[in-house]
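Written out below as structure tokens is the structure these notes cover.
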Amino acid sequence: MSSDTTRGGPPSGRLGTPDQMAARDAERVRSAEEAARRRRRRKVVGYVPMVLLALFFLFPLVFMFVSSLKPDAQILSDIDSPQAFLPVGDISLDNYSGVFDRVPVARFILNSVLVTTLIVGLGVIVNSMAGFALSRLEWSGRKVLLTVIIATLIVPFETIAIPMVYWVSKLPTIVMENGVPMYDFGWLNSYHVQIVPFIANAFSIFLFTQYFSTIPKSFDEAARIDGAGWFTIYRRIIVPLSGPAFATVAILTFLPAWNQYLWPLMVVQQEELRPVMVGMQYFFQINPAWGEVMAYTSLITLPVLVMFLAFQRAFVSSIASSGVKG
Amino acid sequence: MAMPAQQITPHALPDDDAAATGRARRRARSAREGHRSAYWMVAPATLLLLLFLVVPVLLAFGLSFTNARLISPNPPRFVGLDNFVRAFTSDPTFVRSLVNTFVFAAVVVPLQSGLALLMAILVNQKLRFVTWFRVVYFIPVVTSIVVISILWDFMYQRDGLVNSILDTLTFGAVQGTNWLGNTSTALPAIIVLSIWQAVGFHMIIWLSGLQTIPEELYEAARMDGANAWQQFKDVTWPGLRSTMVFILVTITIQALGLFVQIDVMTQGGPRDSTTTLVYHAVQQGYRRQETGYGAAISLIFFVIVLVIALVQRWLTREKD
């Protein structure tokens with residue numbers, strides 16, 4: 001790797017007179033001091049671009065949180081001064097109560113919490129079971145199915161969104177009419193249309209398959225001798241040993257589920273079924289009062305941000321592990 | 001394979017022969033049971049993927065050759081290549097979407113992957129608080145793109161924060177404009193916020209690539225007198241090849257799928273200067289309920305994604 005780099009410094013191996021040696025020693029000490037000083041300087045210099053970048057990534061969000069606490073007139077008058085980033089002046093939670101008065105934002109949040117919880121919860125169960133069968137059981141068709149599942153990773157959701165709206169509008173469903181269950185068609189405007197299509201996830205299956213195959217097979221065989229069924233092995237041995245895989249999959253499916261926008265925009269028209277992101281877009285369209293808009297965006301950003309900061313190590317390592325896909 | 005089993009139950013089977021046949025029988029039974037259990041365990045995921053991934057993909061192909069509408073009393077009718085001919089010959093907005101999408105991707109892919117690499121190198125330094133810088137750069141990634149689009153929409157206004165900051169930094173030399181209301185500035189403005197939002201994600205991917213390069217290689221290079229640039233060129237970069245493939249593929253696909261920013265901020269305007277493939281597909285296929293035509297645009301999008309992913313993979317494999 002380094003063979004083609006040029007060799008610097010004096011040619012080694014030649015000794016010379018004691019005088020020359022002493023001179024070289026002094027030279028070496030001096031250059032070591034010089035190097036240490038350079039390293040220290042480089043350290044300080046190293047912080048400068050990092051701090052500038054940090055300001056670049058933080059300033060819009062600080063501006064958002066601060067503005068959500070100010071009346072509109074003050075937001076606009078503060079824009080030309082550093083006060084835009086400081087919670088000073090006429091600070092209150094009025095914008096927040098304004099949001100709650102105008103739209104059923106609590107309902108939107110509840111909808112999103114419900115949808116996200118079910119996608120993540122059912123997702124880890126369904127996908128980890130599939131990953132278990134694909135990594136630890138021998139059966140015909142296993143390799144083919146795994147290959148097909150990995151191949152589907154190339155399909156972006158945007159490709160199938162339009163045909164899928166058409167497809168779910170034709171799917172059978174059961175509706176209650178005057179307390180009598182009736183057979184009907186169309187999944188539009190429901191909770192399940194926001195949940196069911198996103199439970200199975202090819203990438204989650206792939207991650208579980210990868211992780212499970214690192215657990216020694218001898219564990220299964222020992223349990224088989226003791227008469228355990230495969231489902232018991234999955235539940236009692238593999239699941240408890242795979243905490244990191246479950247955390248990774250939960251985090252990687254939580255974010256897109258909470259942030260869902262395109263899909264609910266198309267399949268949910270009823271206000272009481274809307275998730276937070278779509279609800280916010282409607283709110284944004286009807287209400288030009290920036291303070292309240294910033295209050296809404298802050299309201300749905302804060303919980304995720306707090307969660308991220310609390311579990312940042314797990315978040316970051318999940319994202320890093322998603323890079324193995326390539 | 002049988003060794004651990006024997007270690008666990010050394011007393012159960014004294015006779016070697018019986019042990020062998022017993023084990024074989026048990027393994028056969030276990031394989032059969034394994035079969036049945038396996039089918040049960042993959043069934044839910046497979047069924048769901050079939051219903052909500054495979055069927056829609058097939059429908060994307062099928063519907064693009066029909067005049068299907070979302071809500072219509074008439075069944076879809078086969079119309080051959082009409083939808084594709086229409087897109088390329090009589091729908092200027094589609095052509096504009098195609099161009100905009102490519103321009104967006106052509107700018108975002110190199111800028112975002114380069115900036116992400118630079119940031120990864122910065123936060124890979126052995127400095128105090130470096131983890132906290134990583135966290136800060138990553139915050140926009142966990143923030144919803146809808147939130148970010150609304151926030152930047154506000155900041156991009158004529159008397160908004162962006163113009164105020166530009167004015168301060170350049171001592172009034174730069175005259176601000178209504179960034180999103182101008183045909184020449186709307187797409188660049190969206191490019192900036194898109195990179196701002198997503199670059200932290202790819203920084204983390206680069207960083208995990210950087211951390212797989214053994215420290216000894218750098219030590220060896222330093223002993224050979226390699227300077228910082230030579231270390232990067234000869235140690236870091238070759239070690240990042242597979243990471244680079246992944247990053248280029250994911251950023252390209254993500255960039256080609258540009259939708260939310262457009263839908264929230266500009267609705268394709270002003271004068272189609274920000275309309276994109278996915279946005280146009282949703283406009284036609286959903287808002288105007290022309291499912292067949294929308295499916296055709298989605299399919300064109302898919303083919304582009306597929307071709308680019310394959311080309312990138314092939315290009316980068318060639319050099320190995």
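By order in the structure tokens, chains are A, B, ...; within a chain, residues start at 1; ligands start at 1, following the order shown.
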With a distance threshold of 7 Å and counting only C-alpha atoms, extract the residues of chain A near chain B and express them as a count of residues only.
41
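If you count only C-alpha atoms and ignore residues fewer than 2 places along the chain from A:Gln210, what sits within 10 Å of it is Gly131, Phe132, Leu134, Ser135, Ser204, Ile205, Phe206, Leu207, Phe208, Phe212, Ser213, Thr214, Ile215 and Ala245 of chain A.
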Using the selection just defined, write its residues with C-alpha atoms as a CSV table (one decimal), in the first residue's frame.
```
chain,number,residue,atom,x,y,z
A,131,GLY,CA,-34.9,-14.0,9.0
A,132,PHE,CA,-34.7,-17.0,11.4
A,134,LEU,CA,-33.9,-18.0,6.1
A,135,SER,CA,-30.7,-18.2,8.2
A,204,SER,CA,-35.1,-5.8,7.9
A,205,ILE,CA,-35.3,-9.4,6.8
A,206,PHE,CA,-31.9,-9.1,5.3
A,207,LEU,CA,-30.4,-7.5,8.5
A,208,PHE,CA,-32.0,-10.2,10.7
A,212,PHE,CA,-28.8,-14.6,13.1
A,213,SER,CA,-26.3,-16.4,10.9
A,214,THR,CA,-23.5,-15.2,13.3
A,215,ILE,CA,-25.0,-17.1,16.2
A,245,ALA,CA,-30.3,-6.5,15.6
```
Those of stretch 63-237 of chain B in DSSP alpha helix (DSSP H), formatted as a CSV table (one decimal) with N, CA and C atoms, in the first residue's frame:
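After the write, result_11.csv holds the following:
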```csv
chain,number,residue,atom,x,y,z
B,63,LEU,N,-50.2,-1.7,-15.7
B,63,LEU,CA,-51.0,-0.5,-15.9
B,63,LEU,C,-50.5,0.5,-16.8
B,82,ASP,N,-49.1,4.1,-25.9
B,82,ASP,CA,-49.7,5.4,-25.9
B,82,ASP,C,-49.1,6.3,-24.8
B,83,ASN,N,-49.1,5.8,-23.6
B,83,ASN,CA,-48.7,6.6,-22.4
B,83,ASN,C,-47.2,7.1,-22.6
B,84,PHE,N,-46.4,6.2,-23.1
B,84,PHE,CA,-45.0,6.5,-23.2
B,84,PHE,C,-44.8,7.5,-24.4
B,85,VAL,N,-45.5,7.3,-25.5
B,85,VAL,CA,-45.5,8.3,-26.6
B,85,VAL,C,-45.9,9.6,-26.1
B,86,ARG,N,-47.0,9.6,-25.4
B,86,ARG,CA,-47.6,10.9,-24.8
B,86,ARG,C,-46.5,11.6,-24.0
B,87,ALA,N,-45.9,10.9,-23.1
B,87,ALA,CA,-44.9,11.5,-22.2
B,87,ALA,C,-43.8,12.2,-23.0
B,88,PHE,N,-43.2,11.5,-24.0
B,88,PHE,CA,-42.1,12.1,-24.6
B,88,PHE,C,-42.4,13.0,-25.7
B,89,THR,N,-43.6,13.0,-26.3
B,89,THR,CA,-43.9,13.9,-27.4
B,89,THR,C,-44.9,15.0,-27.1
B,90,SER,N,-45.9,14.7,-26.2
B,90,SER,CA,-46.9,15.8,-26.1
B,90,SER,C,-47.1,16.3,-24.6
B,92,PRO,N,-44.8,18.5,-22.3
B,92,PRO,CA,-43.6,19.2,-22.0
B,92,PRO,C,-43.2,19.2,-20.5
B,93,THR,N,-44.3,19.1,-19.7
B,93,THR,CA,-44.0,19.1,-18.2
B,93,THR,C,-43.2,17.8,-17.9
B,94,PHE,N,-43.5,16.7,-18.6
B,94,PHE,CA,-42.8,15.5,-18.3
B,94,PHE,C,-41.3,15.7,-18.7
B,95,VAL,N,-41.1,16.2,-19.9
B,95,VAL,CA,-39.7,16.4,-20.3
B,95,VAL,C,-39.0,17.3,-19.4
B,96,ARG,N,-39.6,18.4,-18.9
B,96,ARG,CA,-39.1,19.3,-17.9
B,96,ARG,C,-38.7,18.6,-16.6
B,97,SER,N,-39.6,17.7,-16.2
B,97,SER,CA,-39.4,16.9,-15.0
B,97,SER,C,-38.2,16.0,-15.1
B,98,LEU,N,-38.1,15.4,-16.3
B,98,LEU,CA,-36.9,14.5,-16.5
B,98,LEU,C,-35.6,15.3,-16.4
B,99,VAL,N,-35.6,16.5,-17.1
B,99,VAL,CA,-34.4,17.3,-17.1
B,99,VAL,C,-34.1,17.8,-15.6
B,100,ASN,N,-35.1,18.3,-15.0
B,100,ASN,CA,-34.9,18.8,-13.6
B,100,ASN,C,-34.4,17.7,-12.7
B,101,THR,N,-34.9,16.5,-12.8
B,101,THR,CA,-34.5,15.4,-12.0
B,101,THR,C,-33.1,15.1,-12.2
B,102,PHE,N,-32.7,15.1,-13.5
B,102,PHE,CA,-31.3,14.8,-13.8
B,102,PHE,C,-30.3,15.9,-13.3
B,103,VAL,N,-30.7,17.1,-13.5
B,103,VAL,CA,-29.9,18.3,-13.0
B,103,VAL,C,-29.7,18.2,-11.5
B,104,PHE,N,-30.9,17.9,-10.8
B,104,PHE,CA,-30.8,17.8,-9.3
B,104,PHE,C,-29.8,16.7,-8.9
B,105,ALA,N,-30.0,15.5,-9.5
B,105,ALA,CA,-29.1,14.4,-9.2
B,105,ALA,C,-27.6,14.7,-9.6
B,106,ALA,N,-27.4,15.3,-10.7
B,106,ALA,CA,-26.1,15.6,-11.2
B,106,ALA,C,-25.3,16.5,-10.2
B,107,VAL,N,-26.1,17.5,-9.6
B,107,VAL,CA,-25.4,18.4,-8.7
B,107,VAL,C,-25.3,17.8,-7.3
B,108,VAL,N,-26.4,17.1,-6.8
B,108,VAL,CA,-26.5,16.6,-5.5
B,108,VAL,C,-25.5,15.5,-5.2
B,109,VAL,N,-25.4,14.5,-6.2
B,109,VAL,CA,-24.6,13.3,-6.0
B,109,VAL,C,-23.1,13.7,-5.7
B,110,PRO,N,-22.4,14.4,-6.5
B,110,PRO,CA,-21.0,14.7,-6.2
B,110,PRO,C,-20.9,15.7,-5.0
B,111,LEU,N,-21.7,16.7,-4.9
B,111,LEU,CA,-21.6,17.6,-3.8
B,111,LEU,C,-21.9,16.9,-2.4
B,112,GLN,N,-23.0,16.2,-2.4
B,112,GLN,CA,-23.3,15.6,-1.1
B,112,GLN,C,-22.3,14.5,-0.7
B,113,SER,N,-21.9,13.7,-1.6
B,113,SER,CA,-21.0,12.6,-1.2
B,113,SER,C,-19.6,13.2,-0.9
B,114,GLY,N,-19.2,14.3,-1.6
B,114,GLY,CA,-17.9,14.9,-1.3
B,114,GLY,C,-17.9,15.6,0.1
B,115,LEU,N,-19.0,16.3,0.3
B,115,LEU,CA,-19.1,17.0,1.6
B,115,LEU,C,-19.2,16.0,2.8
B,116,ALA,N,-19.9,14.9,2.5
B,116,ALA,CA,-20.1,13.9,3.5
B,116,ALA,C,-18.7,13.3,3.9
B,117,LEU,N,-17.9,13.1,2.8
B,117,LEU,CA,-16.6,12.5,3.1
B,117,LEU,C,-15.7,13.4,3.9
B,118,LEU,N,-15.8,14.7,3.5
B,118,LEU,CA,-15.0,15.7,4.2
B,118,LEU,C,-15.4,15.8,5.7
B,119,MET,N,-16.7,15.7,5.9
B,119,MET,CA,-17.2,15.8,7.3
B,119,MET,C,-16.8,14.5,8.0
B,120,ALA,N,-16.8,13.4,7.3
B,120,ALA,CA,-16.4,12.1,8.0
B,120,ALA,C,-15.0,12.2,8.4
B,121,ILE,N,-14.1,12.7,7.5
B,121,ILE,CA,-12.7,12.8,7.9
B,121,ILE,C,-12.5,13.8,9.1
B,122,LEU,N,-13.3,14.9,9.1
B,122,LEU,CA,-13.2,15.8,10.2
B,122,LEU,C,-13.6,15.1,11.5
B,123,VAL,N,-14.7,14.4,11.5
B,123,VAL,CA,-15.1,13.8,12.8
B,123,VAL,C,-14.5,12.5,13.1
B,130,VAL,N,-15.5,15.1,19.8
B,130,VAL,CA,-15.8,14.9,18.4
B,130,VAL,C,-17.1,14.1,18.2
B,131,THR,N,-17.5,13.3,19.1
B,131,THR,CA,-18.8,12.5,19.0
B,131,THR,C,-19.9,13.5,19.0
B,132,TRP,N,-19.8,14.6,19.7
B,132,TRP,CA,-20.9,15.6,19.8
B,132,TRP,C,-21.1,16.3,18.5
B,133,PHE,N,-19.9,16.5,17.8
B,133,PHE,CA,-20.1,17.1,16.5
B,133,PHE,C,-20.8,16.1,15.5
B,134,ARG,N,-20.5,14.8,15.6
B,134,ARG,CA,-21.2,13.8,14.8
B,134,ARG,C,-22.7,13.9,15.1
B,135,VAL,N,-23.0,14.0,16.3
B,135,VAL,CA,-24.4,14.0,16.7
B,135,VAL,C,-25.1,15.3,16.1
B,136,VAL,N,-24.4,16.4,16.2
B,136,VAL,CA,-25.0,17.7,15.7
B,136,VAL,C,-25.3,17.6,14.2
B,137,TYR,N,-24.2,17.0,13.4
B,137,TYR,CA,-24.4,16.9,12.0
B,137,TYR,C,-25.5,16.0,11.6
B,138,PHE,N,-25.8,15.1,12.5
B,138,PHE,CA,-26.8,14.0,12.2
B,138,PHE,C,-28.2,14.5,12.5
B,139,ILE,N,-28.4,15.6,13.3
B,139,ILE,CA,-29.7,16.0,13.7
B,139,ILE,C,-30.7,16.2,12.5
B,140,PRO,N,-30.3,16.9,11.5
B,140,PRO,CA,-31.2,17.1,10.4
B,140,PRO,C,-31.7,15.8,9.8
B,141,VAL,N,-30.9,14.7,9.9
B,141,VAL,CA,-31.3,13.4,9.3
B,141,VAL,C,-32.5,12.9,10.0
B,142,VAL,N,-32.5,13.0,11.3
B,142,VAL,CA,-33.7,12.5,12.1
B,142,VAL,C,-34.9,13.5,12.1
B,145,ILE,N,-38.4,15.5,6.7
B,145,ILE,CA,-38.1,16.3,5.5
B,145,ILE,C,-39.3,17.3,5.3
B,146,VAL,N,-40.5,16.9,5.8
B,146,VAL,CA,-41.6,17.8,5.7
B,146,VAL,C,-41.4,19.1,6.5
B,147,VAL,N,-41.0,18.8,7.8
B,147,VAL,CA,-40.7,19.9,8.7
B,147,VAL,C,-39.6,20.8,8.1
B,148,ILE,N,-38.5,20.2,7.6
B,148,ILE,CA,-37.4,20.9,7.0
B,148,ILE,C,-37.8,21.7,5.8
B,149,SER,N,-38.7,21.2,5.0
B,149,SER,CA,-39.2,21.9,3.8
B,149,SER,C,-39.9,23.1,4.2
B,150,ILE,N,-40.8,23.0,5.2
B,150,ILE,CA,-41.6,24.1,5.7
B,150,ILE,C,-40.7,25.2,6.3
B,151,LEU,N,-39.7,24.7,7.1
B,151,LEU,CA,-38.8,25.7,7.8
B,151,LEU,C,-38.0,26.4,6.8
B,152,TRP,N,-37.4,25.8,5.8
B,152,TRP,CA,-36.6,26.5,4.8
B,152,TRP,C,-37.5,27.3,3.9
B,153,ASP,N,-38.7,26.9,3.6
B,153,ASP,CA,-39.6,27.8,2.9
B,153,ASP,C,-39.7,29.1,3.5
B,154,PHE,N,-39.8,29.1,4.8
B,154,PHE,CA,-39.9,30.3,5.6
B,154,PHE,C,-38.6,31.1,5.5
B,155,MET,N,-37.5,30.4,5.6
B,155,MET,CA,-36.2,31.1,5.6
B,155,MET,C,-35.8,31.6,4.2
B,161,LEU,N,-34.7,34.7,6.7
B,161,LEU,CA,-33.5,34.5,7.5
B,161,LEU,C,-32.3,34.4,6.5
B,162,VAL,N,-32.5,33.7,5.4
B,162,VAL,CA,-31.3,33.4,4.5
B,162,VAL,C,-30.8,34.7,4.0
B,163,ASN,N,-31.7,35.6,3.5
B,163,ASN,CA,-31.2,36.8,2.9
B,163,ASN,C,-30.6,37.7,4.0
B,164,SER,N,-31.2,37.7,5.2
B,164,SER,CA,-30.6,38.5,6.3
B,164,SER,C,-29.2,38.0,6.6
B,165,ILE,N,-29.0,36.7,6.6
B,165,ILE,CA,-27.6,36.2,7.0
B,165,ILE,C,-26.7,36.5,5.8
B,166,LEU,N,-27.1,36.3,4.6
B,166,LEU,CA,-26.2,36.7,3.4
B,166,LEU,C,-25.8,38.1,3.5
B,167,ASP,N,-26.8,39.0,3.8
B,167,ASP,CA,-26.5,40.4,3.9
B,167,ASP,C,-25.5,40.7,4.9
B,168,THR,N,-25.6,40.1,6.1
B,168,THR,CA,-24.7,40.3,7.2
B,168,THR,C,-23.3,39.8,6.8
B,169,LEU,N,-23.2,38.6,6.3
B,169,LEU,CA,-21.9,37.9,6.0
B,169,LEU,C,-21.2,38.7,4.9
B,186,ALA,N,-34.9,28.7,-7.8
B,186,ALA,CA,-35.8,27.7,-7.0
B,186,ALA,C,-35.1,26.4,-6.9
B,187,LEU,N,-34.6,25.8,-8.0
B,187,LEU,CA,-34.0,24.5,-7.9
B,187,LEU,C,-32.7,24.5,-7.1
B,188,PRO,N,-31.8,25.5,-7.3
B,188,PRO,CA,-30.6,25.5,-6.5
B,188,PRO,C,-30.9,25.6,-5.0
B,189,ALA,N,-32.0,26.4,-4.7
B,189,ALA,CA,-32.4,26.6,-3.3
B,189,ALA,C,-32.8,25.2,-2.7
B,190,ILE,N,-33.5,24.5,-3.5
B,190,ILE,CA,-34.0,23.2,-3.0
B,190,ILE,C,-32.8,22.2,-2.9
B,191,ILE,N,-31.8,22.4,-3.8
B,191,ILE,CA,-30.6,21.5,-3.7
B,191,ILE,C,-29.9,21.8,-2.4
B,192,VAL,N,-29.7,23.0,-2.0
B,192,VAL,CA,-29.0,23.3,-0.7
B,192,VAL,C,-29.7,22.7,0.5
B,193,LEU,N,-31.0,22.8,0.6
B,193,LEU,CA,-31.6,22.3,1.8
B,193,LEU,C,-31.7,20.8,1.7
B,194,SER,N,-31.7,20.2,0.5
B,194,SER,CA,-31.7,18.7,0.5
B,194,SER,C,-30.4,18.2,0.9
B,195,ILE,N,-29.3,18.8,0.5
B,195,ILE,CA,-28.0,18.4,1.0
B,195,ILE,C,-27.8,18.6,2.5
B,196,TRP,N,-28.3,19.8,2.9
B,196,TRP,CA,-28.3,20.1,4.4
B,196,TRP,C,-28.9,19.0,5.2
B,197,GLN,N,-30.1,18.5,4.7
B,197,GLN,CA,-30.8,17.5,5.4
B,197,GLN,C,-30.1,16.1,5.4
B,198,ALA,N,-29.6,15.7,4.3
B,198,ALA,CA,-29.2,14.3,4.1
B,198,ALA,C,-27.8,14.0,4.3
B,199,VAL,N,-26.9,15.0,4.3
B,199,VAL,CA,-25.5,14.8,4.3
B,199,VAL,C,-25.0,14.1,5.5
B,200,GLY,N,-25.6,14.3,6.7
B,200,GLY,CA,-25.2,13.6,7.9
B,200,GLY,C,-25.3,12.1,7.8
B,201,PHE,N,-26.3,11.6,7.1
B,201,PHE,CA,-26.5,10.2,6.9
B,201,PHE,C,-25.3,9.6,6.2
B,202,HIS,N,-24.9,10.2,5.1
B,202,HIS,CA,-23.8,9.6,4.4
B,202,HIS,C,-22.4,9.9,5.0
B,203,MET,N,-22.3,10.9,5.9
B,203,MET,CA,-21.1,11.1,6.7
B,203,MET,C,-20.9,9.9,7.6
B,204,ILE,N,-22.0,9.4,8.2
B,204,ILE,CA,-21.9,8.2,9.1
B,204,ILE,C,-21.5,7.0,8.3
B,205,ILE,N,-22.0,6.8,7.1
B,205,ILE,CA,-21.6,5.7,6.3
B,205,ILE,C,-20.1,5.8,5.9
B,206,TRP,N,-19.6,7.0,5.5
B,206,TRP,CA,-18.2,7.1,5.2
B,206,TRP,C,-17.4,6.8,6.4
B,207,LEU,N,-17.9,7.4,7.5
B,207,LEU,CA,-17.1,7.2,8.8
B,207,LEU,C,-16.9,5.7,9.1
B,208,SER,N,-18.0,4.9,9.0
B,208,SER,CA,-17.9,3.5,9.3
B,208,SER,C,-16.9,2.9,8.3
B,209,GLY,N,-16.8,3.4,7.1
B,209,GLY,CA,-15.9,2.9,6.1
B,209,GLY,C,-14.4,3.3,6.5
B,210,LEU,N,-14.3,4.5,7.0
B,210,LEU,CA,-13.0,5.0,7.4
B,210,LEU,C,-12.4,4.2,8.6
B,215,GLU,N,-5.2,1.1,11.4
B,215,GLU,CA,-4.3,2.2,11.8
B,215,GLU,C,-2.9,1.9,11.4
B,216,GLU,N,-2.5,0.6,11.3
B,216,GLU,CA,-1.1,0.2,11.0
B,216,GLU,C,-0.8,0.7,9.6
B,217,LEU,N,-1.8,0.7,8.7
B,217,LEU,CA,-1.5,1.2,7.3
B,217,LEU,C,-1.0,2.6,7.3
B,218,TYR,N,-1.7,3.4,8.1
B,218,TYR,CA,-1.3,4.8,8.2
B,218,TYR,C,0.1,5.0,8.8
B,219,GLU,N,0.3,4.2,9.9
B,219,GLU,CA,1.6,4.2,10.5
B,219,GLU,C,2.7,3.9,9.5
B,220,ALA,N,2.5,2.8,8.7
B,220,ALA,CA,3.5,2.4,7.7
B,220,ALA,C,3.7,3.5,6.7
B,221,ALA,N,2.6,4.2,6.3
B,221,ALA,CA,2.7,5.2,5.3
B,221,ALA,C,3.5,6.4,5.9
B,222,ARG,N,3.2,6.7,7.2
B,222,ARG,CA,3.9,7.8,7.8
B,222,ARG,C,5.4,7.5,7.9
B,223,MET,N,5.7,6.2,8.2
B,223,MET,CA,7.1,5.9,8.3
B,223,MET,C,7.8,6.0,7.0
B,228,ALA,N,0.0,14.1,4.5
B,228,ALA,CA,-1.5,13.9,4.7
B,228,ALA,C,-2.2,13.6,3.4
B,229,TRP,N,-1.9,14.3,2.3
B,229,TRP,CA,-2.5,14.0,1.1
B,229,TRP,C,-2.2,12.7,0.5
B,230,GLN,N,-0.9,12.3,0.6
B,230,GLN,CA,-0.5,11.0,0.1
B,230,GLN,C,-1.1,9.9,0.9
B,231,GLN,N,-1.3,10.1,2.2
B,231,GLN,CA,-1.9,9.1,3.1
B,231,GLN,C,-3.4,8.9,2.6
B,237,TRP,N,-8.3,6.3,0.4
B,237,TRP,CA,-9.2,6.2,-0.7
B,237,TRP,C,-9.4,4.8,-1.3
```
Report the distance between atom CA of A:Ser317 and atom CA of A:Ala250 in Å, rounded to one decimal place.
12.5 Å
State, in Å with one decimal place, the distance from atom CA of B:Phe78 to atom CA of A:Trp167.
17.4 Å
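All residues within stretch 40-179 of chain A that the backbone DSSP calculation assigns to strand (DSSP E or B) are Pro172, Thr173, Ile174, Val175, Met176 and Glu177 of chain A.
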Those residues you just picked out, can you put them in a file as a compact mmCIF listing (two decimals), in the first residue's frame with N, CA and C atoms?
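In the end it all went to again_13.txt:
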```
# COMPACT_ATOMS: atom_id res chain seq x y z
N PRO A 172 -60.26 -6.21 -0.76
CA PRO A 172 -61.48 -6.42 0.04
C PRO A 172 -61.27 -5.98 1.48
N THR A 173 -62.35 -5.54 2.10
CA THR A 173 -62.26 -5.11 3.49
C THR A 173 -63.61 -5.39 4.15
N ILE A 174 -63.62 -5.33 5.47
CA ILE A 174 -64.89 -5.53 6.19
C ILE A 174 -65.27 -4.23 6.87
N VAL A 175 -66.45 -3.74 6.60
CA VAL A 175 -66.90 -2.51 7.24
C VAL A 175 -68.12 -2.80 8.10
N MET A 176 -68.26 -2.04 9.16
CA MET A 176 -69.44 -2.20 10.02
C MET A 176 -70.53 -1.23 9.56
N GLU A 177 -71.65 -1.77 9.19
CA GLU A 177 -72.76 -0.88 8.85
C GLU A 177 -73.91 -1.18 9.80
```
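Considering the residues A:Val306, A:Ala289, A:Ile150, A:Leu265 and counting only C-alpha atoms, B:Gln283 has its shortest atom-to-atom contact with A:Leu265.
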